[in-house]
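Shown next: input-v2.cif, given as mmCIF, C-alpha atoms.
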data_data
#
loop_
_atom_site.label_atom_id
_atom_site.label_comp_id
_atom_site.auth_asym_id
_atom_site.auth_seq_id
_atom_site.Cartn_x
_atom_site.Cartn_y
_atom_site.Cartn_z
CA MET A 218 3.27 0.06 -28.46
CA GLY A 219 0.33 0.11 -30.84
CA GLU A 220 -2.04 -1.65 -28.49
CA GLU A 221 -5.30 -0.15 -27.31
CA LEU A 222 -4.98 1.88 -24.12
CA LYS A 223 -8.09 2.79 -22.14
CA LEU A 224 -8.47 4.44 -18.74
CA PHE A 225 -11.64 4.05 -16.67
CA GLY A 226 -11.86 6.98 -14.28
CA VAL A 227 -14.02 9.56 -12.57
CA TRP A 228 -13.64 13.27 -13.35
CA GLY A 229 -13.22 14.32 -9.72
CA SER A 230 -10.98 11.46 -8.52
CA PRO A 231 -7.38 12.29 -7.66
CA PHE A 232 -6.57 8.60 -8.19
CA SER A 233 -7.63 8.45 -11.85
CA ARG A 234 -6.16 11.93 -12.47
CA ARG A 235 -2.81 10.59 -11.24
CA VAL A 236 -2.82 7.99 -13.98
CA GLU A 237 -3.76 10.63 -16.57
CA LEU A 238 -0.86 12.79 -15.44
CA ALA A 239 1.65 9.95 -15.78
CA LEU A 240 0.37 9.09 -19.26
CA ARG A 241 0.48 12.73 -20.37
CA LEU A 242 3.97 13.30 -18.94
CA LYS A 243 5.14 10.35 -21.02
CA GLY A 244 3.21 11.53 -24.08
CA ILE A 245 1.16 8.35 -24.33
CA PRO A 246 -2.23 8.64 -26.06
CA TYR A 247 -5.17 6.91 -24.41
CA ASP A 248 -8.97 6.68 -24.52
CA TYR A 249 -10.84 7.82 -21.45
CA MET A 250 -14.07 6.27 -20.13
CA GLU A 251 -15.96 8.23 -17.46
CA GLU A 252 -17.55 5.93 -14.88
CA ASP A 253 -20.68 6.62 -12.87
CA LEU A 254 -19.87 5.15 -9.45
CA SER A 255 -23.53 4.96 -8.52
CA ASN A 256 -24.10 2.78 -11.56
CA LYS A 257 -20.87 0.93 -12.33
CA SER A 258 -20.44 -0.25 -15.90
CA PRO A 259 -20.27 -3.98 -16.74
CA SER A 260 -16.74 -3.28 -18.04
CA LEU A 261 -15.56 -1.89 -14.70
CA LEU A 262 -17.02 -4.86 -12.82
CA LYS A 263 -15.41 -7.22 -15.33
CA TYR A 264 -11.95 -5.63 -15.19
CA ASN A 265 -11.86 -4.99 -11.44
CA PRO A 266 -14.08 -7.67 -9.93
CA ILE A 267 -12.33 -7.67 -6.56
CA HIS A 268 -12.34 -3.99 -5.60
CA LYS A 269 -14.85 -2.70 -8.20
CA LYS A 270 -13.06 0.66 -8.19
CA ILE A 271 -11.50 3.15 -10.56
CA PRO A 272 -8.95 3.79 -11.92
CA VAL A 273 -8.56 0.78 -14.21
CA LEU A 274 -6.00 0.90 -17.01
CA LEU A 275 -6.79 -1.47 -19.85
CA HIS A 276 -3.78 -2.16 -22.08
CA GLY A 277 -4.30 -4.46 -25.03
CA GLY A 278 -7.35 -5.86 -23.25
CA LYS A 279 -5.44 -6.57 -20.01
CA PRO A 280 -6.50 -4.66 -16.87
CA VAL A 281 -4.18 -3.08 -14.31
CA VAL A 282 -5.77 -1.74 -11.10
CA GLU A 283 -4.76 0.24 -7.98
CA SER A 284 -3.33 3.65 -8.90
CA LEU A 285 0.19 3.15 -7.50
CA VAL A 286 0.44 -0.26 -9.22
CA ILE A 287 -0.73 1.41 -12.45
CA LEU A 288 1.91 4.15 -12.13
CA GLU A 289 4.69 1.56 -11.77
CA TYR A 290 3.25 -0.37 -14.74
CA ILE A 291 3.28 2.78 -16.87
CA GLU A 292 6.87 3.51 -15.82
CA GLU A 293 8.04 -0.01 -16.73
CA THR A 294 6.12 -0.25 -19.99
CA TRP A 295 7.08 3.17 -21.39
CA GLU A 296 10.60 3.45 -20.04
CA GLY A 297 12.10 6.01 -22.36
CA ASN A 298 10.12 9.20 -21.84
CA HIS A 299 10.03 11.18 -18.59
CA ALA A 300 11.11 8.65 -15.97
CA ILE A 301 8.96 8.95 -12.85
CA LEU A 302 11.04 6.65 -10.67
CA PRO A 303 14.79 6.97 -10.03
CA LYS A 304 17.18 4.22 -11.14
CA ASP A 305 18.90 3.75 -7.79
CA PRO A 306 17.18 1.03 -5.68
CA TYR A 307 17.41 3.05 -2.46
CA GLU A 308 15.93 6.15 -4.07
CA ARG A 309 13.18 4.01 -5.59
CA ALA A 310 12.38 2.54 -2.17
CA MET A 311 12.16 6.09 -0.77
CA ALA A 312 9.81 7.19 -3.57
CA ARG A 313 7.58 4.17 -2.90
CA PHE A 314 7.65 4.91 0.83
CA TRP A 315 6.50 8.53 0.34
CA ALA A 316 3.79 7.51 -2.14
CA ARG A 317 2.43 5.05 0.45
CA PHE A 318 2.71 7.70 3.20
CA LEU A 319 0.56 10.00 1.09
CA ASP A 320 -2.05 7.31 0.42
CA ASP A 321 -2.16 5.63 3.83
CA LYS A 322 -1.70 8.64 6.12
CA CYS A 323 -1.91 12.09 4.50
CA MET A 324 -4.95 11.72 2.30
CA PRO A 325 -7.22 9.91 4.78
CA ALA A 326 -6.40 12.38 7.57
CA MET A 327 -6.96 15.41 5.33
CA TRP A 328 -10.18 13.95 3.96
CA MET A 329 -11.52 13.15 7.43
CA SER A 330 -10.53 16.63 8.69
CA CYS A 331 -12.97 18.07 6.21
CA TRP A 332 -15.91 15.79 6.94
CA THR A 333 -15.88 15.43 10.72
CA GLU A 334 -16.69 17.76 13.58
CA GLY A 335 -15.70 18.47 17.16
CA ASP A 336 -12.95 16.42 18.82
CA ALA A 337 -12.69 13.97 15.93
CA GLN A 338 -12.03 16.84 13.56
CA GLN A 339 -9.46 18.39 15.88
CA ASN A 340 -7.57 15.10 16.02
CA PHE A 341 -7.61 14.63 12.24
CA MET A 342 -6.48 18.23 11.73
CA LYS A 343 -3.60 17.77 14.18
CA GLU A 344 -2.55 14.61 12.38
CA SER A 345 -2.84 16.33 8.98
CA LYS A 346 -0.67 19.23 10.05
CA GLU A 347 1.99 16.87 11.38
CA ASN A 348 1.94 14.96 8.08
CA LEU A 349 2.26 18.19 6.11
CA SER A 350 5.29 19.21 8.19
CA ILE A 351 6.85 15.83 7.49
CA LEU A 352 6.28 16.38 3.76
CA GLU A 353 7.85 19.83 4.05
CA GLY A 354 10.94 18.21 5.48
CA GLU A 355 11.14 15.81 2.56
CA LEU A 356 10.80 18.61 0.00
CA LYS A 357 13.52 20.83 1.48
CA GLY A 358 16.11 21.90 -1.11
CA LYS A 359 14.19 20.28 -3.97
CA LYS A 360 12.00 21.72 -6.67
CA PHE A 361 9.82 18.61 -6.71
CA PHE A 362 9.66 15.48 -4.54
CA GLY A 363 11.24 13.81 -7.59
CA GLY A 364 14.13 16.29 -7.64
CA ASN A 365 14.34 18.52 -10.70
CA ALA A 366 11.48 16.83 -12.52
CA ILE A 367 8.00 15.63 -11.53
CA GLY A 368 8.19 12.09 -10.19
CA LEU A 369 6.05 9.37 -8.65
CA VAL A 370 5.68 11.16 -5.32
CA ASP A 371 4.65 14.45 -6.93
CA ILE A 372 2.04 12.59 -8.98
CA ALA A 373 0.80 10.82 -5.85
CA ALA A 374 0.63 14.19 -4.05
CA LEU A 375 -1.68 15.69 -6.69
CA PHE A 376 -4.44 15.64 -4.06
CA ILE A 377 -2.59 18.17 -1.94
CA ALA A 378 -1.91 20.47 -4.89
CA HIS A 379 -5.55 20.79 -5.90
CA TRP A 380 -8.21 18.92 -3.93
CA ALA A 381 -6.96 19.97 -0.48
CA GLY A 382 -7.57 23.66 -1.16
CA VAL A 383 -11.12 23.02 -2.35
CA LEU A 384 -11.99 20.76 0.59
CA GLN A 385 -10.57 23.24 3.10
CA GLU A 386 -12.79 25.94 1.64
CA VAL A 387 -15.88 23.74 1.85
CA ALA A 388 -15.08 22.68 5.41
CA GLY A 389 -14.06 26.17 6.49
CA ILE A 390 -10.74 25.01 7.88
CA SER A 391 -7.10 25.70 7.15
CA LEU A 392 -4.67 22.80 6.68
CA VAL A 393 -2.13 23.70 4.01
CA ASN A 394 -1.06 27.10 5.14
CA GLU A 395 1.46 29.35 3.36
CA GLU A 396 2.85 30.58 6.67
CA LYS A 397 3.27 27.16 8.24
CA HIS A 398 4.19 25.27 5.06
CA PRO A 399 6.10 27.70 2.82
CA ILE A 400 8.06 24.97 1.02
CA LEU A 401 4.94 22.93 0.29
CA PHE A 402 3.17 26.08 -0.89
CA LYS A 403 6.02 26.83 -3.29
CA TRP A 404 5.86 23.24 -4.54
CA ILE A 405 2.12 23.59 -5.20
CA GLU A 406 2.74 26.78 -7.20
CA GLU A 407 5.54 25.15 -9.21
CA PHE A 408 3.53 21.99 -9.77
CA ILE A 409 0.35 23.59 -11.02
CA SER A 410 2.24 26.06 -13.19
CA SER A 411 3.01 23.14 -15.51
CA ASP A 412 0.62 23.02 -18.49
CA ILE A 413 0.56 19.24 -18.47
CA VAL A 414 -0.50 19.18 -14.82
CA VAL A 415 -3.21 21.81 -15.35
CA GLU A 416 -4.67 19.74 -18.22
CA CYS A 417 -5.08 16.87 -15.74
CA LEU A 418 -6.91 18.77 -13.05
CA PRO A 419 -10.70 18.91 -12.75
CA ALA A 420 -12.05 22.47 -12.91
CA ARG A 421 -11.88 24.00 -9.44
CA GLU A 422 -15.36 25.47 -9.65
CA ARG A 423 -16.88 22.16 -10.59
CA LEU A 424 -15.05 20.38 -7.74
CA LEU A 425 -16.12 23.10 -5.31
CA ALA A 426 -19.76 22.82 -6.35
CA PHE A 427 -19.60 19.03 -6.04
CA PHE A 428 -18.23 19.08 -2.50
CA GLN A 429 -20.55 21.92 -1.42
CA ALA A 430 -23.50 19.81 -2.56
CA LYS A 431 -22.10 16.78 -0.71
CA LYS A 432 -21.75 18.85 2.46
CA GLU A 433 -25.31 20.16 2.18
CA THR A 434 -26.65 16.62 1.75
CA MET A 435 -24.66 15.52 4.80
CA LEU A 436 -26.01 18.36 6.96
CA ALA A 437 -29.53 17.79 5.73
CA THR A 438 -29.54 14.10 6.59
CA LYS A 439 -27.07 14.39 9.47
CA ALA A 440 -25.42 11.30 7.98
CA PRO A 441 -22.12 10.19 9.52
CA ALA A 442 -18.99 11.31 7.61
CA GLN A 443 -17.57 8.91 5.01
CA MET B 142 37.81 -9.89 10.85
CA ALA B 143 34.40 -8.75 9.54
CA THR B 144 31.58 -11.32 9.60
CA ALA B 145 29.61 -12.04 6.44
CA ALA B 146 26.73 -10.07 7.94
CA GLU B 147 28.96 -7.11 8.66
CA LYS B 148 30.40 -7.21 5.11
CA GLU B 149 26.93 -7.15 3.57
CA GLY B 150 26.02 -4.30 5.91
CA VAL B 151 22.45 -5.51 6.39
CA VAL B 152 20.52 -5.21 9.65
CA LEU B 153 16.86 -6.16 10.13
CA LEU B 154 14.84 -4.63 12.97
CA ASP B 155 11.99 -7.03 13.56
CA PHE B 156 9.58 -8.71 15.98
CA TRP B 157 9.54 -12.49 16.12
CA VAL B 158 5.90 -13.19 15.28
CA SER B 159 5.36 -10.37 12.78
CA PRO B 160 4.31 -11.69 9.36
CA PHE B 161 5.55 -8.42 7.87
CA GLY B 162 9.03 -8.91 9.32
CA GLN B 163 8.98 -12.54 8.21
CA ARG B 164 8.47 -11.45 4.60
CA CYS B 165 11.84 -9.67 4.80
CA ARG B 166 13.52 -12.68 6.44
CA ILE B 167 12.18 -14.96 3.71
CA ALA B 168 13.33 -12.61 0.93
CA LEU B 169 16.83 -12.28 2.41
CA ALA B 170 17.05 -16.07 2.80
CA GLU B 171 15.89 -16.65 -0.78
CA LYS B 172 18.74 -14.38 -1.94
CA GLY B 173 21.29 -15.93 0.40
CA VAL B 174 22.04 -12.59 2.07
CA GLU B 175 23.70 -12.67 5.48
CA TYR B 176 22.27 -10.12 7.91
CA GLU B 177 22.13 -9.14 11.53
CA TYR B 178 18.72 -9.75 13.12
CA LYS B 179 17.67 -7.41 15.92
CA GLU B 180 14.60 -8.33 17.95
CA GLU B 181 12.62 -5.25 18.99
CA ASN B 182 10.57 -4.88 22.14
CA LEU B 183 7.47 -3.17 20.79
CA ILE B 184 6.45 -1.93 24.22
CA ASP B 185 9.84 -0.28 24.69
CA LYS B 186 11.08 0.63 21.22
CA SER B 187 14.82 1.04 20.79
CA PRO B 188 16.39 4.40 19.98
CA LEU B 189 17.65 2.79 16.77
CA LEU B 190 14.11 1.90 15.64
CA LEU B 191 12.80 5.36 16.48
CA LYS B 192 15.70 6.92 14.58
CA MET B 193 15.39 4.64 11.55
CA ASN B 194 11.59 4.81 11.29
CA PRO B 195 10.62 8.10 12.93
CA ILE B 196 7.37 8.43 10.97
CA HIS B 197 5.69 5.10 11.65
CA LYS B 198 7.90 3.78 14.48
CA LYS B 199 7.17 0.25 13.25
CA ILE B 200 9.03 -2.89 12.32
CA PRO B 201 10.25 -4.24 10.00
CA VAL B 202 13.05 -1.84 9.10
CA LEU B 203 15.90 -2.95 6.87
CA ILE B 204 19.10 -1.00 7.37
CA HIS B 205 21.54 -1.33 4.47
CA HIS B 206 24.91 0.39 4.87
CA GLY B 207 23.31 2.61 7.49
CA LYS B 208 20.32 3.66 5.35
CA PRO B 209 16.81 2.59 6.47
CA ILE B 210 14.07 1.12 4.30
CA CYS B 211 10.58 0.74 5.82
CA GLU B 212 7.32 -1.03 4.92
CA SER B 213 7.64 -4.77 4.27
CA LEU B 214 6.65 -4.89 0.57
CA ILE B 215 8.92 -1.93 -0.19
CA ILE B 216 11.74 -3.74 1.64
CA VAL B 217 11.12 -6.95 -0.34
CA GLN B 218 11.20 -5.03 -3.63
CA TYR B 219 14.42 -3.32 -2.54
CA ILE B 220 15.99 -6.69 -1.69
CA ASP B 221 14.87 -8.01 -5.09
CA GLU B 222 16.45 -5.05 -6.90
CA VAL B 223 19.75 -4.98 -5.00
CA TRP B 224 20.38 -8.75 -5.08
CA SER B 225 19.43 -9.87 -8.55
CA ASN B 226 19.85 -13.65 -8.08
CA ASN B 227 16.64 -15.71 -7.74
CA PRO B 228 14.36 -12.86 -8.88
CA LEU B 229 11.13 -12.61 -6.90
CA LEU B 230 9.26 -10.31 -9.26
CA PRO B 231 8.75 -11.49 -12.86
CA SER B 232 10.37 -9.53 -15.69
CA ASP B 233 7.21 -8.78 -17.69
CA PRO B 234 5.56 -5.46 -16.65
CA TYR B 235 2.01 -6.88 -16.74
CA GLU B 236 2.97 -9.90 -14.62
CA ARG B 237 4.77 -7.53 -12.23
CA ALA B 238 1.62 -5.40 -11.97
CA LYS B 239 -0.42 -8.50 -11.17
CA ALA B 240 2.09 -9.56 -8.50
CA ARG B 241 2.02 -6.08 -6.93
CA PHE B 242 -1.79 -6.11 -6.99
CA TRP B 243 -2.01 -9.40 -5.11
CA ALA B 244 0.65 -8.41 -2.56
CA ASP B 245 -1.32 -5.18 -2.01
CA PHE B 246 -4.52 -7.27 -1.69
CA VAL B 247 -2.92 -9.32 1.09
CA ASP B 248 -1.85 -6.12 2.85
CA LYS B 249 -5.31 -4.56 2.63
CA LYS B 250 -7.29 -7.63 3.62
CA VAL B 251 -5.65 -10.51 5.49
CA TYR B 252 -4.21 -9.00 8.68
CA GLU B 253 -7.14 -6.64 9.26
CA CYS B 254 -9.70 -9.40 8.77
CA GLY B 255 -7.68 -11.77 10.95
CA THR B 256 -7.63 -9.19 13.73
CA ARG B 257 -11.43 -8.81 13.54
CA LEU B 258 -11.71 -12.58 13.67
CA TRP B 259 -9.89 -12.97 17.00
CA LYS B 260 -11.02 -9.68 18.56
CA LEU B 261 -14.73 -9.43 17.85
CA LYS B 262 -17.79 -11.38 18.94
CA GLY B 263 -21.34 -12.00 17.77
CA GLU B 264 -22.44 -10.70 14.36
CA ALA B 265 -19.16 -8.86 13.74
CA HIS B 266 -17.28 -12.12 14.34
CA GLU B 267 -19.57 -13.97 11.93
CA GLU B 268 -18.91 -11.29 9.30
CA ALA B 269 -15.14 -11.56 9.87
CA ARG B 270 -15.39 -15.34 9.42
CA LYS B 271 -17.24 -14.96 6.11
CA ASP B 272 -14.78 -12.31 4.96
CA MET B 273 -11.75 -14.45 5.82
CA ILE B 274 -13.07 -17.45 3.90
CA GLU B 275 -13.80 -15.19 0.92
CA ILE B 276 -10.31 -13.67 1.07
CA LEU B 277 -8.68 -17.12 1.18
CA LYS B 278 -10.84 -18.32 -1.71
CA LEU B 279 -9.85 -15.28 -3.79
CA LEU B 280 -6.19 -16.02 -3.10
CA GLU B 281 -6.76 -19.63 -4.05
CA GLY B 282 -8.41 -18.46 -7.28
CA GLU B 283 -5.26 -16.56 -8.15
CA LEU B 284 -3.06 -19.55 -7.25
CA GLY B 285 -5.10 -21.92 -9.40
CA ASP B 286 -3.19 -25.06 -10.28
CA LYS B 287 0.21 -23.39 -10.11
CA LYS B 288 2.92 -24.70 -7.82
CA TYR B 289 3.45 -21.21 -6.43
CA PHE B 290 1.79 -17.82 -6.97
CA GLY B 291 4.93 -17.04 -8.99
CA GLY B 292 4.35 -20.06 -11.27
CA GLU B 293 7.09 -22.68 -11.18
CA THR B 294 9.24 -20.46 -9.01
CA PHE B 295 8.67 -18.98 -5.56
CA GLY B 296 7.94 -15.30 -6.11
CA PHE B 297 6.88 -11.94 -4.71
CA VAL B 298 3.30 -12.94 -3.89
CA ASP B 299 4.48 -16.18 -2.28
CA VAL B 300 6.79 -14.10 -0.03
CA ALA B 301 3.89 -11.76 0.77
CA VAL B 302 1.46 -14.56 1.74
CA ALA B 303 3.74 -17.27 3.20
CA PRO B 304 4.06 -15.76 6.73
CA PHE B 305 0.28 -15.76 7.06
CA THR B 306 0.20 -19.55 6.71
CA ALA B 307 1.39 -19.68 10.33
CA TRP B 308 -1.77 -17.77 11.23
CA PHE B 309 -4.13 -20.22 9.47
CA TYR B 310 -4.41 -22.34 12.64
CA THR B 311 -5.39 -19.23 14.63
CA TYR B 312 -7.92 -18.13 12.00
CA GLU B 313 -9.34 -21.67 11.78
CA THR B 314 -9.68 -22.00 15.53
CA CYS B 315 -11.18 -18.52 16.03
CA GLY B 316 -13.41 -18.83 12.99
CA LYS B 317 -14.28 -22.52 13.34
CA PHE B 318 -13.51 -23.43 9.77
CA SER B 319 -10.83 -25.48 8.02
CA VAL B 320 -8.52 -24.15 5.32
CA ASP B 321 -8.15 -27.74 4.08
CA GLU B 322 -11.91 -27.96 3.56
CA GLU B 323 -12.53 -24.47 2.19
CA CYS B 324 -9.34 -24.03 0.12
CA LEU B 325 -7.60 -27.32 -0.55
CA LYS B 326 -5.20 -25.87 -3.15
CA LEU B 327 -4.16 -23.05 -0.84
CA ALA B 328 -3.59 -25.53 1.99
CA ALA B 329 -1.39 -27.62 -0.33
CA TRP B 330 0.55 -24.51 -1.32
CA ALA B 331 1.06 -23.68 2.38
CA LYS B 332 2.59 -27.14 2.92
CA ARG B 333 4.89 -26.64 -0.07
CA CYS B 334 6.04 -23.30 1.35
CA LYS B 335 6.72 -24.85 4.73
CA GLY B 336 9.05 -27.29 2.94
CA ARG B 337 11.19 -24.40 1.69
CA GLU B 338 14.12 -23.56 3.93
CA SER B 339 13.64 -19.80 3.63
CA VAL B 340 10.10 -20.15 4.99
CA SER B 341 10.66 -22.83 7.63
CA LYS B 342 13.55 -20.83 9.09
CA SER B 343 11.64 -17.55 9.13
CA VAL B 344 8.11 -18.49 10.11
CA HIS B 345 7.12 -19.76 13.55
CA ASP B 346 5.07 -22.75 14.56
CA PRO B 347 1.32 -22.04 14.21
CA HIS B 348 0.75 -23.05 17.84
CA LYS B 349 3.20 -20.38 18.98
CA VAL B 350 1.24 -17.81 16.95
CA TYR B 351 -1.98 -19.02 18.58
CA GLU B 352 -0.37 -18.69 22.02
CA PHE B 353 0.73 -15.16 21.16
CA VAL B 354 -2.81 -14.19 20.07
CA GLY B 355 -4.11 -15.76 23.29
CA LYS B 356 -1.87 -13.43 25.28
CA LEU B 357 -3.08 -10.45 23.23
CA LYS B 358 -6.68 -11.45 23.91
CA LYS B 359 -6.00 -11.53 27.66
CA LYS B 360 -4.32 -8.13 27.38
CA PHE B 361 -7.42 -6.73 25.70
CA GLY B 362 -9.62 -8.42 28.28
CA LEU B 363 -11.20 -10.68 25.71
CA GLU B 364 -10.67 -14.03 27.39
#

Entire entry expressed as structure tokens:
Amino acid sequence: MGEELKLFGVWGSPFSRRVELALRLKGIPYDYMEEDLSNKSPSLLKYNPIHKKIPVLLHGGKPVVESLVILEYIEETWEGNHAILPKDPYERAMARFWARFLDDKCMPAMWMSCWTEGDAQQNFMKESKENLSILEGELKGKKFFGGNAIGLVDIAALFIAHWAGVLQEVAGISLVNEEKHPILFKWIEEFISSDIVVECLPARERLLAFFQAKKETMLATKAPAQ
Amino acid sequence: MATAAEKEGVVLLDFWVSPFGQRCRIALAEKGVEYEYKEENLIDKSPLLLKMNPIHKKIPVLIHHGKPICESLIIVQYIDEVWSNNPLLPSDPYERAKARFWADFVDKKVYECGTRLWKLKGEAHEEARKDMIEILKLLEGELGDKKYFGGETFGFVDVAVAPFTAWFYTYETCGKFSVDEECLKLAAWAKRCKGRESVSKSVHDPHKVYEFVGKLKKKFGLE
């Protein structure tokens, strides 16, 4: 495939980093364009007019949007190297189910746990911990969600492996806990011990500084949480 | 003597008016798969549903040879992969990505906006009305002059959107607009879908949907 491949992303976004991880696992070279979400480029608005969001993967001039859709596109276009979805239809359905669970339930609850207070926060934290226990159950006996190798669900769970720890620190709460989630903790260690994964992660210090600043702005203006 | 349904080993846990469940019924019908339909009481969920979908406790759930698959678009993709006749997703990866995008768009936008349309009043209702018309126009833009979203053949996006055509009457009545007037091509597509056996057998009469929403409104004290 000699066609031009470009990824529009944001350095701190787990969604665009997911796409980078999939491309790197498959050894596919690409150009990266950093977007400023407060001043979206004409290209971004042209290639994703409906949602106006990153990531956008541009392949031979044709845009693919929504990170999970992009991951499946990458898998189908570059089939040979490092499969991220299993071949069996039932196993594929399960992988898709867990990826959606991460996006629709885990991430929003964890995010909101870090940006709310009082009763609302308690509820989000309770929900997050339940979700993490469910994930633990799914990981049992496996090195990765994908089995012996990193798969779609592991890529989708990148947020938990890196962003969650930073956000917990900023919010002063504990969600992913080695005592309560030993299997998940082991998965995080295994996952981020891979060089390819580390290359895809934004520097922790930079992420920490970014979220600290966001928190300070929030407290200063007493703006409602996102 | 095993029935055809028993031989296929397919069971669908569903709720009659659910557009998400109807997607699965349409997909199974398109593939000619015999299955056992089980109507769930959502106020008193069956032990089977709670066992097969312990995380979300929702319908639809497809059970194939005892193994559950949840989430309607995931179920439809599973059906498409297991029964390869009459493919619903195209073979080209880019076209598949586009189909998945639009199915995801329907999931993110239509039901939520529709709910705001019948639940809310005043300015919020007006906003829901504007949003719904915009959503339908965007869908129509994607349809263009094609016979179906899938082109000449009924495809994945058609399956994803078709159940919502039964809700058009409800949206029109609650929002005081006409799909015929705002989106003529989409209205024509809806009629074509209704003429397909898989859709007409799976999707209920729009007036029944409107009645159902009426009951919900009373339940929420909105009437």

Restricting the calculation to only C-alpha atoms, which member of A:Ile367, A:Ile400, A:Ala312, A:Ile372 is positioned closest to A:Cys417?
A:Ile372

Identify all chain B residues at most 9 Å from chain A by counting all atoms listed in the file; ligands do not count. Present them as a list in words.
Ile196, Lys208, Pro209, Ile210, Cys211, Glu212, Ile215, Ile216, Gln218, Tyr219, Ile220, Glu222, Val223, Asp233, Pro234, Tyr235, Arg237, Ala238, Lys239, Arg241, Phe242, Asp245 and Leu279 of chain B

Export of prior selection with C-alpha atoms as an mmCIF file, in the coordinates of the input:
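Listing of result-v4.cif after writing:
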data_model
loop_
_atom_site.group_PDB
_atom_site.id
_atom_site.type_symbol
_atom_site.label_atom_id
_atom_site.label_comp_id
_atom_site.auth_asym_id
_atom_site.auth_seq_id
_atom_site.Cartn_x
_atom_site.Cartn_y
_atom_site.Cartn_z
ATOM 1 C CA ILE B 196 7.370 8.430 10.970
ATOM 2 C CA LYS B 208 20.320 3.660 5.350
ATOM 3 C CA PRO B 209 16.810 2.590 6.470
ATOM 4 C CA ILE B 210 14.070 1.120 4.300
ATOM 5 C CA CYS B 211 10.580 0.740 5.820
ATOM 6 C CA GLU B 212 7.320 -1.030 4.920
ATOM 7 C CA ILE B 215 8.920 -1.930 -0.190
ATOM 8 C CA ILE B 216 11.740 -3.740 1.640
ATOM 9 C CA GLN B 218 11.200 -5.030 -3.630
ATOM 10 C CA TYR B 219 14.420 -3.320 -2.540
ATOM 11 C CA ILE B 220 15.990 -6.690 -1.690
ATOM 12 C CA GLU B 222 16.450 -5.050 -6.900
ATOM 13 C CA VAL B 223 19.750 -4.980 -5.000
ATOM 14 C CA ASP B 233 7.210 -8.780 -17.690
ATOM 15 C CA PRO B 234 5.560 -5.460 -16.650
ATOM 16 C CA TYR B 235 2.010 -6.880 -16.740
ATOM 17 C CA ARG B 237 4.770 -7.530 -12.230
ATOM 18 C CA ALA B 238 1.620 -5.400 -11.970
ATOM 19 C CA LYS B 239 -0.420 -8.500 -11.170
ATOM 20 C CA ARG B 241 2.020 -6.080 -6.930
ATOM 21 C CA PHE B 242 -1.790 -6.110 -6.990
ATOM 22 C CA ASP B 245 -1.320 -5.180 -2.010
ATOM 23 C CA LEU B 279 -9.850 -15.280 -3.790
#

Can you list, as a PyMOL selection string, the residues that the PyMOL selection byres ((chain B and resi 346) around 12) selects here?
chain B and resi 157-158+304-311+335+340-345+347-353

Write the residues of the preceding selection, restricted to C-alpha atoms, as an mmCIF file, in the frame of the given file.
data_model
loop_
_atom_site.group_PDB
_atom_site.id
_atom_site.type_symbol
_atom_site.label_atom_id
_atom_site.label_comp_id
_atom_site.auth_asym_id
_atom_site.auth_seq_id
_atom_site.Cartn_x
_atom_site.Cartn_y
_atom_site.Cartn_z
ATOM 1 C CA TRP B 157 9.540 -12.490 16.120
ATOM 2 C CA VAL B 158 5.900 -13.190 15.280
ATOM 3 C CA PRO B 304 4.060 -15.760 6.730
ATOM 4 C CA PHE B 305 0.280 -15.760 7.060
ATOM 5 C CA THR B 306 0.200 -19.550 6.710
ATOM 6 C CA ALA B 307 1.390 -19.680 10.330
ATOM 7 C CA TRP B 308 -1.770 -17.770 11.230
ATOM 8 C CA PHE B 309 -4.130 -20.220 9.470
ATOM 9 C CA TYR B 310 -4.410 -22.340 12.640
ATOM 10 C CA THR B 311 -5.390 -19.230 14.630
ATOM 11 C CA LYS B 335 6.720 -24.850 4.730
ATOM 12 C CA VAL B 340 10.100 -20.150 4.990
ATOM 13 C CA SER B 341 10.660 -22.830 7.630
ATOM 14 C CA LYS B 342 13.550 -20.830 9.090
ATOM 15 C CA SER B 343 11.640 -17.550 9.130
ATOM 16 C CA VAL B 344 8.110 -18.490 10.110
ATOM 17 C CA HIS B 345 7.120 -19.760 13.550
ATOM 18 C CA PRO B 347 1.320 -22.040 14.210
ATOM 19 C CA HIS B 348 0.750 -23.050 17.840
ATOM 20 C CA LYS B 349 3.200 -20.380 18.980
ATOM 21 C CA VAL B 350 1.240 -17.810 16.950
ATOM 22 C CA TYR B 351 -1.980 -19.020 18.580
ATOM 23 C CA GLU B 352 -0.370 -18.690 22.020
ATOM 24 C CA PHE B 353 0.730 -15.160 21.160
#

Result set of the PyMOL selection byres ((chain A and resi 383) around 10) on the coordinates above, as a list of chain:residue names:
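Taken over the shown coordinates, the PyMOL selection byres ((chain A and resi 383) around 10) returns A:Ile377, A:Ala378, A:His379, A:Trp380, A:Ala381, A:Gly382, A:Leu384, A:Gln385, A:Glu386, A:Val387, A:Ala388, A:Gly389, A:Arg421, A:Glu422, A:Leu424, A:Leu425, A:Ala426, A:Phe428, A:Gln429.
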
The distance between atom CA of A:Pro246 and atom CA of B:Glu236 is 22.4 Å

Contacts of B:Val217 within 8 Å, all atoms listed in the file, excl. fewer than 2 positions in-chain, as a PyMOL selection string:
chain B and resi 164-165+168+213-215+219-221+297

Test item: the PyMOL selection byres ((chain B and resi 282) around 12) resolved as a ChimeraX atom specification
/A:267 /B:243,275-281,283-287,290,323-327

Quick one: everything within 8 Å of stretch 256-267 of chain B, counting only C-alpha atoms, minus sequence neighbours fewer than 4 positions away in the same chain. Send it as number ranges by chain.
B: 252, 271, 312, 315-316, 354, 358, 363

Spatial neighbours of A:Lys397, max dist 12 Å, all atoms listed in the file, sep filter under 5 positions, as a list in words
Lys346, Glu347, Leu349, Ser350, Ile351, Glu353, Ser391, Leu392, Phe402 and Lys403 of chain A
